Each structure stands twice: as C-alpha cells, then as structure tokens.
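Novice: Got a structure for you, structure.txt, holding compact mmCIF, C-alpha atoms.
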# COMPACT_ATOMS: atom_id res chain seq x y z
CA MET A 748 64.07 -1.05 58.78
CA ASN A 749 67.50 -1.73 60.30
CA SER A 750 68.42 1.15 62.61
CA SER A 751 71.80 1.45 60.89
CA ARG A 752 69.99 2.36 57.66
CA ARG A 753 67.74 4.96 59.24
CA LYS A 754 68.40 8.60 58.47
CA THR A 755 67.89 11.86 60.28
CA PHE A 756 66.20 14.72 58.44
CA VAL A 757 66.59 18.29 59.71
CA LEU A 758 63.76 20.47 58.34
CA ASP A 759 63.94 24.15 57.44
CA THR A 760 61.08 26.58 58.08
CA ASN A 761 60.08 26.88 54.42
CA VAL A 762 59.48 23.13 54.17
CA LEU A 763 56.82 23.23 56.89
CA LEU A 764 55.26 26.44 55.57
CA HIS A 765 55.04 24.80 52.13
CA ASP A 766 53.57 21.53 53.43
CA PRO A 767 52.51 21.18 57.09
CA GLN A 768 52.19 17.41 56.58
CA ALA A 769 55.91 17.19 55.80
CA LEU A 770 56.41 16.01 59.39
CA PHE A 771 54.93 12.66 58.40
CA CYS A 772 56.54 12.23 54.95
CA PHE A 773 59.89 10.70 55.94
CA GLU A 774 58.77 7.11 56.54
CA ASP A 775 60.46 5.50 59.58
CA ASN A 776 63.34 7.98 59.69
CA ASP A 777 63.94 10.55 62.42
CA VAL A 778 62.84 14.17 61.94
CA ILE A 779 64.42 17.13 63.72
CA ILE A 780 63.04 20.67 63.88
CA PRO A 781 65.46 23.34 65.12
CA ILE A 782 63.92 25.66 67.72
CA THR A 783 64.64 28.60 65.39
CA VAL A 784 62.13 27.09 62.94
CA ILE A 785 59.44 27.24 65.65
CA GLU A 786 60.30 30.90 66.22
CA GLU A 787 60.07 31.75 62.53
CA ILE A 788 56.77 29.89 62.13
CA ASP A 789 55.40 31.93 65.04
CA GLY A 790 56.10 35.08 63.03
CA PHE A 791 53.79 33.89 60.23
CA LYS A 792 50.80 32.67 62.24
CA LYS A 793 48.84 35.95 62.07
CA ASN A 794 49.06 36.19 58.27
CA GLN A 795 45.76 35.68 56.44
CA SER A 796 47.53 34.13 53.46
CA GLU A 797 48.03 30.43 52.73
CA THR A 798 51.43 30.70 54.46
CA GLY A 799 49.73 31.95 57.61
CA ARG A 800 47.22 29.12 57.53
CA ASN A 801 50.03 26.59 57.15
CA ALA A 802 51.89 28.18 60.07
CA ARG A 803 48.84 27.81 62.29
CA GLN A 804 48.36 24.21 61.18
CA ILE A 805 51.97 23.35 62.01
CA SER A 806 51.56 24.87 65.48
CA ARG A 807 48.44 22.79 66.08
CA LEU A 808 50.16 19.60 64.87
CA LEU A 809 53.18 20.13 67.11
CA ASP A 810 50.96 21.00 70.07
CA GLY A 811 49.06 17.75 69.56
CA LEU A 812 52.26 15.70 69.27
CA ARG A 813 53.83 17.13 72.41
CA LYS A 814 50.97 15.69 74.46
CA ALA A 815 52.29 12.21 73.67
CA ASN A 816 55.79 13.00 74.90
CA SER A 817 58.31 15.80 75.29
CA LEU A 818 59.36 17.21 71.90
CA VAL A 819 62.90 17.63 73.25
CA GLU A 820 63.11 13.95 74.19
CA GLY A 821 61.40 12.78 71.02
CA VAL A 822 57.85 11.93 70.00
CA PRO A 823 57.22 8.61 68.20
CA LEU A 824 55.62 8.94 64.76
CA GLU A 825 53.14 6.51 63.21
CA LYS A 826 55.56 5.12 60.62
CA GLY A 827 58.26 4.29 63.18
CA GLY A 828 60.45 7.38 63.26
CA THR A 829 60.68 10.05 65.93
CA LEU A 830 60.20 13.81 65.94
CA LYS A 831 62.42 16.05 68.06
CA VAL A 832 62.90 19.77 68.56
CA GLU A 833 66.58 20.69 68.96
CA LEU A 834 67.72 23.83 70.77
CA PHE A 835 70.35 26.23 69.46
CA THR A 836 73.24 26.47 71.92
CA GLU A 837 76.66 28.11 72.14
CA GLU A 838 78.11 24.74 71.26
CA SER A 839 76.03 24.78 68.06
CA ALA A 840 77.24 28.29 67.22
CA ARG A 841 80.90 27.24 67.47
CA ARG A 842 80.38 24.88 64.56
CA LEU A 843 79.65 27.74 62.17
CA PRO A 844 82.53 29.17 60.11
CA PRO A 845 83.38 32.84 60.85
CA GLU A 846 81.65 34.02 57.65
CA LEU A 847 78.24 32.80 58.89
CA ARG A 848 76.89 35.04 61.64
CA ALA A 849 75.10 33.20 64.44
CA ASP A 850 72.48 35.94 64.86
CA ARG A 851 70.78 35.04 61.58
CA GLY A 852 67.96 32.53 61.57
CA ASP A 853 69.15 30.52 58.57
CA ASN A 854 72.62 30.14 60.06
CA ARG A 855 71.26 29.07 63.45
CA ILE A 856 69.20 26.36 61.72
CA LEU A 857 72.31 25.33 59.80
CA ALA A 858 74.32 25.18 63.05
CA VAL A 859 71.81 22.76 64.63
CA ALA A 860 72.03 20.54 61.53
CA LEU A 861 75.85 20.62 61.71
CA GLN A 862 75.85 19.64 65.37
CA GLN A 863 73.43 16.82 64.66
CA ALA A 864 75.64 15.53 61.83
CA GLU A 865 78.65 15.37 64.17
CA GLN A 866 76.80 13.67 67.02
CA ASP A 867 74.47 11.30 65.16
CA ASP A 868 75.73 7.93 63.93
CA LYS A 869 73.02 7.97 61.24
CA GLN A 870 73.19 9.91 57.98
CA VAL A 871 71.93 13.46 58.52
CA ILE A 872 70.19 15.26 55.65
CA PHE A 873 69.24 18.93 55.76
CA VAL A 874 65.98 19.59 53.89
CA THR A 875 65.22 23.10 52.65
CA LYS A 876 63.51 24.73 49.71
CA ASP A 877 65.95 27.67 49.93
CA THR A 878 68.46 27.30 47.10
CA ASN A 879 71.09 29.53 48.74
CA LEU A 880 70.79 27.69 52.03
CA ARG A 881 71.39 24.38 50.25
CA ILE A 882 74.54 25.91 48.77
CA LYS A 883 75.72 27.07 52.20
CA ALA A 884 74.94 23.65 53.68
CA ASP A 885 77.00 21.98 51.00
CA ALA A 886 79.88 24.42 51.65
CA VAL A 887 80.05 23.45 55.32
CA GLY A 888 79.92 19.73 54.55
CA LEU A 889 76.23 18.95 55.06
CA THR A 890 74.13 16.79 52.79
CA ALA A 891 71.31 19.08 51.63
CA GLU A 892 68.19 18.27 49.61
CA ASP A 893 65.10 20.02 48.35
CA TYR A 894 61.71 18.90 49.64
CA GLU A 895 60.41 16.89 46.68
CA THR A 896 57.48 14.88 48.04
CA ASP A 897 55.02 16.81 45.87
CA LYS A 898 57.33 17.54 42.93
CA VAL A 899 56.57 16.54 39.37
CA SER A 900 59.38 16.69 36.81
CA ILE A 901 58.27 19.18 34.17
CA ASP A 902 60.17 17.21 31.52
CA ASP A 903 58.20 14.07 32.35
CA LEU A 904 54.83 15.80 32.74
CA TYR A 905 51.94 13.86 31.23
CA SER A 906 51.06 15.59 27.94
CA GLY A 907 47.59 14.09 27.58
CA LYS A 908 48.14 13.16 23.93
CA SER A 909 49.75 10.49 21.80
CA GLU A 910 50.03 9.34 18.17
CA LEU A 911 49.22 5.84 16.90
CA LEU A 912 50.45 4.44 13.61
CA VAL A 913 47.68 2.38 12.00
CA ASP A 914 46.76 1.20 8.52
CA LYS A 915 44.58 3.18 6.11
CA GLU A 916 41.57 0.94 6.66
CA THR A 917 41.59 1.65 10.40
CA VAL A 918 41.53 5.42 9.84
CA ASP A 919 38.71 5.08 7.28
CA LEU A 920 36.72 2.81 9.60
CA PHE A 921 37.11 5.29 12.45
CA TYR A 922 35.67 8.08 10.27
CA GLN A 923 32.73 5.86 9.29
CA GLU A 924 31.86 4.48 12.73
CA GLY A 925 32.93 7.39 14.95
CA GLN A 926 34.62 4.94 17.29
CA ILE A 927 37.02 2.02 17.22
CA ASP A 928 38.58 -0.59 19.48
CA LEU A 929 42.38 -0.67 19.43
CA GLU A 930 44.81 -2.62 21.57
CA GLY A 931 47.09 -0.61 23.78
CA GLU A 932 47.41 0.96 27.20
CA PHE A 933 45.92 4.43 27.44
CA TYR A 934 45.00 6.82 30.22
CA PRO A 935 41.34 7.77 30.63
CA ASN A 936 40.41 10.60 28.23
CA GLN A 937 43.85 10.52 26.62
CA CYS A 938 43.77 12.39 23.29
CA LEU A 939 44.91 10.27 20.37
CA THR A 940 45.86 10.93 16.76
CA LEU A 941 45.47 7.97 14.39
CA VAL A 942 48.10 8.31 11.66
CA ASP A 943 48.03 6.35 8.40
CA GLU A 944 51.43 4.61 8.34
CA CYS A 945 51.54 4.87 4.53
CA ASN A 946 50.24 8.44 4.29
CA PRO A 947 51.12 10.58 7.38
CA SER A 948 48.78 13.36 6.21
CA HIS A 949 45.82 10.98 6.51
CA THR A 950 44.88 11.24 10.19
CA ALA A 951 41.94 11.10 12.56
CA LEU A 952 41.50 12.60 16.04
CA GLY A 953 39.92 10.76 18.94
CA ARG A 954 39.78 10.41 22.71
CA TYR A 955 40.06 7.22 24.73
CA GLN A 956 36.96 6.39 26.75
CA SER A 957 38.11 4.07 29.51
CA PRO A 958 34.68 2.78 30.63
CA LEU A 959 34.02 1.57 27.07
CA GLY A 960 37.64 0.68 26.34
CA ARG A 961 37.48 2.32 22.94
CA ILE A 962 38.55 5.43 21.06
CA VAL A 963 35.72 7.80 20.16
CA SER A 964 35.68 10.75 17.77
CA LEU A 965 35.82 14.32 19.07
CA VAL A 966 32.82 16.59 19.50
CA ARG A 967 32.70 18.96 16.54
CA PRO A 968 31.59 22.54 17.29
CA GLN A 969 28.93 24.15 15.12
CA LYS A 970 30.00 25.86 11.91
CA GLU A 971 29.75 29.29 13.53
CA GLY A 972 32.06 28.10 16.31
CA LEU A 973 31.72 28.85 20.00
CA TRP A 974 31.04 32.55 20.32
CA GLY A 975 32.89 33.02 17.07
CA ILE A 976 35.91 30.95 18.12
CA HIS A 977 37.13 27.97 16.08
CA PRO A 978 39.96 25.63 17.13
CA ARG A 979 43.04 26.43 15.05
CA ASN A 980 45.10 23.32 15.69
CA ARG A 981 44.87 19.72 16.83
CA GLU A 982 45.56 20.46 20.50
CA GLN A 983 42.84 23.10 20.65
CA GLN A 984 40.40 20.58 19.17
CA PHE A 985 41.34 18.12 21.92
CA ALA A 986 40.88 20.82 24.57
CA LEU A 987 37.50 21.88 23.23
CA ASP A 988 36.25 18.29 23.16
CA MET A 989 37.03 17.81 26.85
CA LEU A 990 35.67 21.22 27.82
CA LEU A 991 32.32 20.45 26.16
CA ASN A 992 32.03 16.97 27.70
CA ASP A 993 29.97 17.08 30.90
CA ASP A 994 31.32 13.69 32.02
CA ILE A 995 34.81 15.19 32.36
CA GLN A 996 34.55 17.24 35.54
CA LEU A 997 38.18 18.38 35.78
CA VAL A 998 40.11 19.70 32.78
CA THR A 999 43.72 20.92 32.95
CA LEU A 1000 45.17 22.99 30.11
CA VAL A 1001 48.93 23.61 30.16
CA GLY A 1002 50.75 25.69 27.58
CA MET A 1003 52.93 28.71 26.96
CA ALA A 1004 51.55 32.21 26.47
CA GLY A 1005 49.40 32.58 23.34
CA THR A 1006 48.35 28.95 22.92
CA GLY A 1007 44.70 29.85 23.55
CA LYS A 1008 44.19 28.14 26.92
CA THR A 1009 42.14 30.88 28.57
CA LEU A 1010 40.26 31.95 25.43
CA ILE A 1011 39.07 28.41 24.62
CA ALA A 1012 38.08 27.78 28.23
CA LEU A 1013 36.06 31.01 28.33
CA ALA A 1014 34.40 30.29 24.98
CA ALA A 1015 33.37 26.82 26.13
CA GLY A 1016 32.19 28.16 29.49
CA LEU A 1017 30.06 30.91 27.94
CA HIS A 1018 28.59 28.46 25.42
CA LEU A 1019 27.60 25.92 28.10
CA THR A 1020 26.35 28.60 30.48
CA ALA A 1021 24.67 31.23 28.29
CA ASP A 1022 23.65 29.12 25.28
CA GLU A 1023 23.10 25.59 26.58
CA ASN A 1024 22.12 26.43 30.18
CA SER A 1025 24.16 23.44 31.33
CA TYR A 1026 25.55 25.48 34.23
CA THR A 1027 24.04 28.29 36.27
CA ARG A 1028 27.11 30.55 36.12
CA LEU A 1029 30.59 30.92 34.65
CA LEU A 1030 32.89 31.64 37.59
CA VAL A 1031 36.39 32.87 36.71
CA SER A 1032 39.17 33.33 39.22
CA ARG A 1033 42.94 33.73 39.29
CA PRO A 1034 45.62 34.17 41.94
CA VAL A 1035 46.81 37.72 42.57
CA PHE A 1036 50.53 37.95 41.85
CA PRO A 1037 51.97 41.13 40.29
CA LEU A 1038 54.38 41.03 37.35
CA GLY A 1039 57.32 43.19 38.38
CA ARG A 1040 57.15 45.64 41.30
CA ASP A 1041 53.84 45.70 43.15
CA LEU A 1042 51.91 48.98 42.91
CA GLY A 1043 50.78 48.72 46.53
CA PHE A 1044 47.24 49.11 47.81
CA LEU A 1045 44.61 49.96 45.21
CA PRO A 1046 41.67 52.29 45.92
CA GLY A 1047 38.01 51.38 45.73
CA ASP A 1048 35.82 48.44 46.71
CA VAL A 1049 36.62 44.77 46.15
CA GLU A 1050 35.49 44.86 42.52
CA GLU A 1051 37.62 47.92 41.74
CA LYS A 1052 40.64 46.41 43.49
CA LEU A 1053 40.20 43.18 41.54
CA ALA A 1054 39.81 44.84 38.13
CA PRO A 1055 43.56 45.20 37.30
CA TRP A 1056 44.20 41.53 38.05
CA MET A 1057 41.19 40.42 36.02
CA GLN A 1058 41.96 42.62 33.01
CA PRO A 1059 43.34 39.65 30.97
CA ILE A 1060 39.99 37.91 31.51
CA PHE A 1061 38.11 41.06 30.45
CA ASP A 1062 40.25 41.24 27.30
CA ASN A 1063 39.44 37.66 26.34
CA VAL A 1064 35.71 38.09 27.04
CA GLU A 1065 35.61 41.27 24.97
CA LEU A 1066 37.34 39.41 22.13
CA LEU A 1067 34.66 36.71 22.25
CA LEU A 1068 31.87 39.27 22.38
CA GLY A 1069 33.40 41.22 19.50
CA ALA A 1070 33.48 38.07 17.39
CA VAL A 1071 29.80 37.46 18.09
CA ASP A 1072 28.85 41.09 17.43
CA GLU A 1073 30.35 40.97 13.94
CA ARG A 1074 27.92 38.17 13.09
CA GLY A 1075 25.01 40.29 14.32
CA LYS A 1076 23.78 37.67 16.79
CA ARG A 1077 24.16 39.51 20.08
CA LYS A 1078 25.71 42.65 21.46
CA ARG A 1079 26.84 42.40 25.05
CA GLY A 1080 29.73 43.66 27.07
CA TYR A 1081 31.25 41.72 29.94
CA ARG A 1082 29.53 44.13 32.33
CA GLU A 1083 26.12 43.03 31.03
CA LEU A 1084 27.07 39.37 31.47
CA VAL A 1085 28.05 40.10 35.07
CA ASP A 1086 24.79 41.99 35.71
CA MET A 1087 22.79 39.11 34.25
CA GLY A 1088 24.49 36.65 36.60
CA ILE A 1089 26.02 34.67 33.72
CA LEU A 1090 29.61 35.67 34.48
CA GLU A 1091 31.22 36.12 37.91
CA LEU A 1092 34.81 37.15 38.61
CA GLU A 1093 36.22 36.43 42.03
CA ALA A 1094 39.60 36.45 43.77
CA LEU A 1095 40.80 33.07 44.95
CA THR A 1096 41.08 34.54 48.44
CA TYR A 1097 37.29 34.25 48.81
CA ILE A 1098 36.99 30.69 47.41
CA ARG A 1099 37.97 29.01 50.70
CA GLY A 1100 34.95 27.78 52.64
CA ARG A 1101 32.55 28.04 49.71
CA SER A 1102 30.55 25.28 48.12
CA ILE A 1103 30.20 25.83 44.37
CA PRO A 1104 27.42 23.71 42.80
CA ASN A 1105 26.44 23.53 39.12
CA GLN A 1106 28.96 26.10 37.89
CA PHE A 1107 31.65 26.23 35.22
CA LEU A 1108 34.73 27.24 37.24
CA ILE A 1109 37.86 28.47 35.46
CA VAL A 1110 41.03 29.06 37.48
CA ASP A 1111 43.48 30.96 35.30
CA GLU A 1112 47.25 31.17 36.01
CA ALA A 1113 46.95 28.06 38.19
CA GLN A 1114 50.72 27.51 38.01
CA ASN A 1115 51.06 30.15 40.75
CA LEU A 1116 49.19 27.97 43.24
CA THR A 1117 50.64 25.44 45.66
CA PRO A 1118 49.37 21.82 45.66
CA HIS A 1119 47.52 22.58 48.91
CA GLU A 1120 45.80 25.62 47.38
CA ILE A 1121 44.77 23.56 44.34
CA LYS A 1122 43.26 20.97 46.68
CA THR A 1123 41.35 23.72 48.49
CA ILE A 1124 39.89 24.96 45.19
CA VAL A 1125 38.97 21.60 43.66
CA THR A 1126 37.31 20.43 46.88
CA ARG A 1127 34.98 23.45 46.64
CA ALA A 1128 33.31 21.89 43.60
CA GLY A 1129 29.72 20.93 44.36
CA GLU A 1130 27.35 18.66 42.45
CA GLY A 1131 27.33 19.40 38.71
CA THR A 1132 30.35 21.73 38.73
CA LYS A 1133 33.13 21.53 36.15
CA VAL A 1134 36.60 22.79 37.10
CA VAL A 1135 39.07 24.04 34.47
CA LEU A 1136 42.67 24.83 35.46
CA THR A 1137 44.87 26.71 32.99
CA GLY A 1138 48.46 27.90 33.20
CA ASP A 1139 52.05 27.91 32.03
CA PRO A 1140 54.53 26.19 34.42
CA TYR A 1141 57.37 28.22 32.91
CA GLN A 1142 55.80 31.56 33.91
CA ILE A 1143 55.60 31.47 37.69
CA ASP A 1144 55.35 34.62 39.82
CA ASN A 1145 54.89 32.87 43.17
CA PRO A 1146 58.31 32.76 44.91
CA TYR A 1147 57.32 29.66 46.90
CA VAL A 1148 56.75 27.27 43.96
CA ASP A 1149 58.60 26.38 40.77
CA SER A 1150 57.88 24.54 37.52
CA SER A 1151 58.05 21.19 39.31
CA SER A 1152 56.34 21.93 42.63
CA ASN A 1153 53.36 24.07 41.56
CA GLY A 1154 49.79 22.93 42.01
CA LEU A 1155 48.94 22.76 38.30
CA THR A 1156 51.55 20.15 37.35
CA TYR A 1157 50.82 18.33 40.60
CA VAL A 1158 47.13 17.90 39.81
CA VAL A 1159 47.89 16.85 36.21
CA GLU A 1160 49.93 13.89 37.43
CA LYS A 1161 47.60 12.99 40.30
CA PHE A 1162 44.46 12.91 38.12
CA LYS A 1163 45.81 11.38 34.90
CA GLU A 1164 44.35 7.95 35.75
CA GLN A 1165 40.91 9.25 36.74
CA GLU A 1166 37.92 8.82 34.43
CA ILE A 1167 36.41 12.20 35.35
CA ALA A 1168 39.57 14.15 34.46
CA GLY A 1169 41.25 15.14 31.21
CA HIS A 1170 44.43 16.99 30.30
CA ILE A 1171 46.12 18.43 27.23
CA THR A 1172 49.38 20.31 26.81
CA LEU A 1173 49.14 22.99 24.12
CA THR A 1174 52.39 23.83 22.33
CA LYS A 1175 51.46 25.87 19.26
CA GLY A 1176 51.06 29.60 19.77
CA GLU A 1177 48.09 31.18 18.01
CA ARG A 1178 48.08 34.73 19.41
CA SER A 1179 50.41 36.12 16.74
CA CYS A 1180 53.70 35.28 15.02
CA LEU A 1181 55.43 37.87 17.20
CA ALA A 1182 53.99 36.41 20.43
CA GLU A 1183 55.03 32.86 19.51
CA LEU A 1184 58.55 33.98 18.57
CA ALA A 1185 58.85 35.87 21.86
CA ALA A 1186 57.68 32.83 23.84
CA ASN A 1187 60.23 30.60 22.11
CA LEU A 1188 63.22 32.95 21.87
CA LEU A 1189 63.13 35.18 24.94
Would you mind writing the file out in structure tokens?
Specialist:
Amino acid sequence: MNSSRRKTFVLDTNVLLHDPQALFCFEDNDVIIPITVIEEIDGFKKNQSETGRNARQISRLLDGLRKANSLVEGVPLEKGGTLKVELFTEESARRLPPELRADRGDNRILAVALQQAEQDDKQVIFVTKDTNLRIKADAVGLTAEDYETDKVSIDDLYSGKSELLVDKETVDLFYQEGQIDLEGEFYPNQCLTLVDECNPSHTALGRYQSPLGRIVSLVRPQKEGLWGIHPRNREQQFALDMLLNDDIQLVTLVGMAGTGKTLIALAAGLHLTADENSYTRLLVSRPVFPLGRDLGFLPGDVEEKLAPWMQPIFDNVELLLGAVDERGKRKRGYRELVDMGILELEALTYIRGRSIPNQFLIVDEAQNLTPHEIKTIVTRAGEGTKVVLTGDPYQIDNPYVDSSSNGLTYVVEKFKEQEIAGHITLTKGERSCLAELAANLL
C-alpha cells in the first residue's frame, strides 16, 4: 500500500479487552496504544472473568512484541504496519479543552490521539467501543469509530429460512417422494418452504441437504410429541428437525422471548438423551447476568448459588415433565433427572478447560456472550456432542456486547456455510397472547 494511503489507528482500552487480537486486525496500517491503556489493562489482569483473561493475554502479546524492538520506537507487524506505545505528556494535556480534565483516563487517551492527529501526516482514527468517548472525540475534531471487526448487522442476520414459489406438481411430488432436486443457491441445512404459486395455502416444508444437493422433508415427531411438546408453527418445525438430526452438530436458535427456543431445545435434548440414548447426558448452561440490580453474593454451595440463575431452565423442565405426567407415562421431577445423571446444570464459568464428549449441550441466553466466549464453549465439544445455542439479540444484559457484536449472531454468520451447522430465526411468540404483545409493543 502507498504510504500516503496508510492510516494510524489509536486504540482504546475496551477494544483490547474485547478482542486481544485487535492488535493485528488493521492490515498494513499503524497502530498506537496510549500508555494509559497499558495502565488500565494492568488493573484488570487479576480478574478471573473473561475480561481478566483478555487483559493477561494482551500483556503477554505486548511483552512478546517488545522483544523484537522498543514499543516506543515501533514494532513491525506481520501485515506491514507498526505498533507503538505513546506516552502521555504535558504537551498532550494542553490539547484538551478546559472541560476535559487531564486526570481522567479516558481524557488522557483522547489527548494522545489528538496529539497524534496534529503530528501525523496520515489520517488518524480513534477506535473505541465507548459510545460517550466517541462523542467526545468527535467534539474535539477527531475521527472516531467503533471496533467492528467481529460485528454482524442484526438487520442482515442470516435467518436460516426462505420461501420458494413452485408449481402444484412440484409440491405434490415432494410430498410423494420426500425429497426433490431444485435449482438455486442455498446454504447447507437452510430451511425452505415450497409454496404453490397458484394456491399459496398449498405448501411443503423441507431442508436443503448440501452433500446431496437436494431438498428433503422434515423429520416428523411422533403423535404424542416430544415429552408432550408439539411444534406450533413452521419455524418450530424447522428447529425441531435440526435438533433431532445427529448430522447437524451445531444448532443456533434466535428469537424474541416466548418463541419457544429453550423449551424446544430441552424437549429435543431430553428425548435424545432419556428416550433414545443417543447422548449420555443433557448439559444445560447459561451465562450469569442479573436483570436489574444485582442481589450480591448468594449463600450456599455452588448448586444453591446457581439455582436462581437456572430457574428459567427448571421452569421449562417442569413444564415438560408436567405434560408427560398428564399422559401417565412417567412421573419425574428435574431433581430426579439430575440424580439419575440424565440432566446436568452448570455455570459457564466452569466450562473452560473441559472436554465434553457425547453430550447434548444447550447454552441458553447465548446473546450475552462475546465471540471469544462462544469460541471457548464450542471448542469444548468432544466426539459425538451436539451444541445448541439459543438467545435473543435484542435482550442483552452484558454491557460489553450489543445486538451486532454478541457471540450468538457472530457464530450464526460464521457457520452458515458449514454442513454440520443449522440455524433458524423464530419470530412467532407462542408463550401467550400477552407475552407476544409485550415483546412487540414494549
């Protein structure tokens, strides 16, 4: 690249804590880290959270790079750019307007970026995930951007489904044969609705099998359903088909509250684990983020501490068990399933470092996870394990991700072309009329 077209990117602390590999994501442009960022990262390194792990990783990366050359003079990066650490000086402080106090970390980082913009003949861009800091940067004349390397536009998110207009004979043939070859470009395991162009109510549901290059009919659950649960709409039928297919090892279910994501995943997991013995255990986990003000430390052992966060899972399991009890087939509570080793509930904190073979793993509320945390979870999957991620990108409690940068939407886009993965976005609420109205209106 012509040096006149190169840019200089000044990185904020939150960018590196979000993605330690951000240092290497700016192609052959120059990257600058203000010394205040190093100080702030040092304050996180003892945390046992994902943020703490990222802080330690950044420190190790910078320590490795400094061995090649002085970070103050500039270290060459693989793609052609350089990495430098810039000090905050009195000269930097003078560039701040009176309203911005120089004793605050954010303002000191901003001052270094301002000084760089005045001294550098290249375009200088300040990169931060802090919305207010981007506003302040803009106010003092800096070009500011969000870190978007791992962002997926929620409006353009792959839905996993599509409709095809065909003639009546094609729909009839599909019902007779259970499969059909149709021209078109489809993603692996994309869910398709064949619609009679002359009679829109005459439809057929199928899923594209990329190895065969054909559309196959969905798996139909038994008349009694899965633990008393029957799919209530087209999207739930698509979801159930992928959940029951052992060849699809990663299933992502996205939808607003009440669309049945968690309930269907649990029903399929219990069926395959307890009834079919396809998996040794149903393992359910979810990130721990409180809604509203945190209640603080909870008494008891790990199981007692985890109980409040897992209560939504307990509610869904009890609903499934209640449906089965009414038919007189079995009478079990979730506690009995846990004691029998069929069901295991675990905090995501303890997933790291594990190898999970031959299990049906459900991660609920996955929209609260970062892309790095999602990678950590999915890479735990051993031989024969199926991973199901469920969540609503519009209900995020994690302050460090949003609807575009969370791990759930990230994995949907990254895996949409893979034969072992399937996705469906559920839009129709089935919890109750009140719940659906609340989700749409409030």
Novice: Which residues are close to Leu939 (chain A), i.e. within 7 Å by only C-alpha atoms, leaving aside same-chain residues fewer than 3 positions away? Reply as an mmCIF file with C-alpha atoms, in the coordinates of the input.
Specialist:
data_model
loop_
_atom_site.group_PDB
_atom_site.id
_atom_site.type_symbol
_atom_site.label_atom_id
_atom_site.label_comp_id
_atom_site.auth_asym_id
_atom_site.auth_seq_id
_atom_site.Cartn_x
_atom_site.Cartn_y
_atom_site.Cartn_z
ATOM 1 C CA LYS A 908 48.140 13.160 23.930
ATOM 2 C CA SER A 909 49.750 10.490 21.800
ATOM 3 C CA GLU A 910 50.030 9.340 18.170
ATOM 4 C CA LEU A 952 41.500 12.600 16.040
ATOM 5 C CA GLY A 953 39.920 10.760 18.940
ATOM 6 C CA ARG A 954 39.780 10.410 22.710
#
Novice: At what distance in Å, to one decimal, does CA of Val1159 (chain A) lie from CA of Thr878 (chain A)?
Specialist: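 So the answer is 25.5 Å.
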Novice: List every protein, DNA or RNA residue that has an atom no more than 10 Å from (77.2, 19.8, 55.4) in the file's coordinate frame, counting only C-alpha atoms, and report them as an mmCIF file with C-alpha atoms, keeping the file's coordinate frame.
Specialist:
data_model
loop_
_atom_site.group_PDB
_atom_site.id
_atom_site.type_symbol
_atom_site.label_atom_id
_atom_site.label_comp_id
_atom_site.auth_asym_id
_atom_site.auth_seq_id
_atom_site.Cartn_x
_atom_site.Cartn_y
_atom_site.Cartn_z
ATOM 1 C CA LEU A 857 72.310 25.330 59.800
ATOM 2 C CA ALA A 858 74.320 25.180 63.050
ATOM 3 C CA ALA A 860 72.030 20.540 61.530
ATOM 4 C CA LEU A 861 75.850 20.620 61.710
ATOM 5 C CA ALA A 864 75.640 15.530 61.830
ATOM 6 C CA GLU A 865 78.650 15.370 64.170
ATOM 7 C CA VAL A 871 71.930 13.460 58.520
ATOM 8 C CA ILE A 872 70.190 15.260 55.650
ATOM 9 C CA PHE A 873 69.240 18.930 55.760
ATOM 10 C CA ARG A 881 71.390 24.380 50.250
ATOM 11 C CA ILE A 882 74.540 25.910 48.770
ATOM 12 C CA LYS A 883 75.720 27.070 52.200
ATOM 13 C CA ALA A 884 74.940 23.650 53.680
ATOM 14 C CA ASP A 885 77.000 21.980 51.000
ATOM 15 C CA ALA A 886 79.880 24.420 51.650
ATOM 16 C CA VAL A 887 80.050 23.450 55.320
ATOM 17 C CA GLY A 888 79.920 19.730 54.550
ATOM 18 C CA LEU A 889 76.230 18.950 55.060
ATOM 19 C CA THR A 890 74.130 16.790 52.790
ATOM 20 C CA ALA A 891 71.310 19.080 51.630
#
Novice: How many Å lie between CA of Leu920 (chain A) and CA of Asn980 (chain A), rounded to one decimal?
Specialist: 23.0 Å
Novice: For a quick check of understanding, using all atoms listed in the file, which of A:Glu1083, A:Asp789, A:Glu1093, A:Asp1139 has the smallest distance to Leu1108 (chain A)?
Specialist: A:Glu1093
Novice: Name the closest residue to Asp893 (chain A) among the candidates A:Asp928, A:Asp777, A:Asp1149, A:Glu944; distances are taken between atoms, counting only C-alpha atoms.
Specialist: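 Ranked by minimum distance to Asp893 (chain A), first place goes to A:Asp1149.
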Novice: Please list, as number ranges by chain, the residues that have an atom at most 12 Å away from (59.9, 26.2, 61.6) in the coordinates of this file, counting all atoms listed in the file.
Specialist: A: 757-767, 769-770, 779-792, 798, 801-806, 809, 832-833, 852-853, 855-856, 874-875
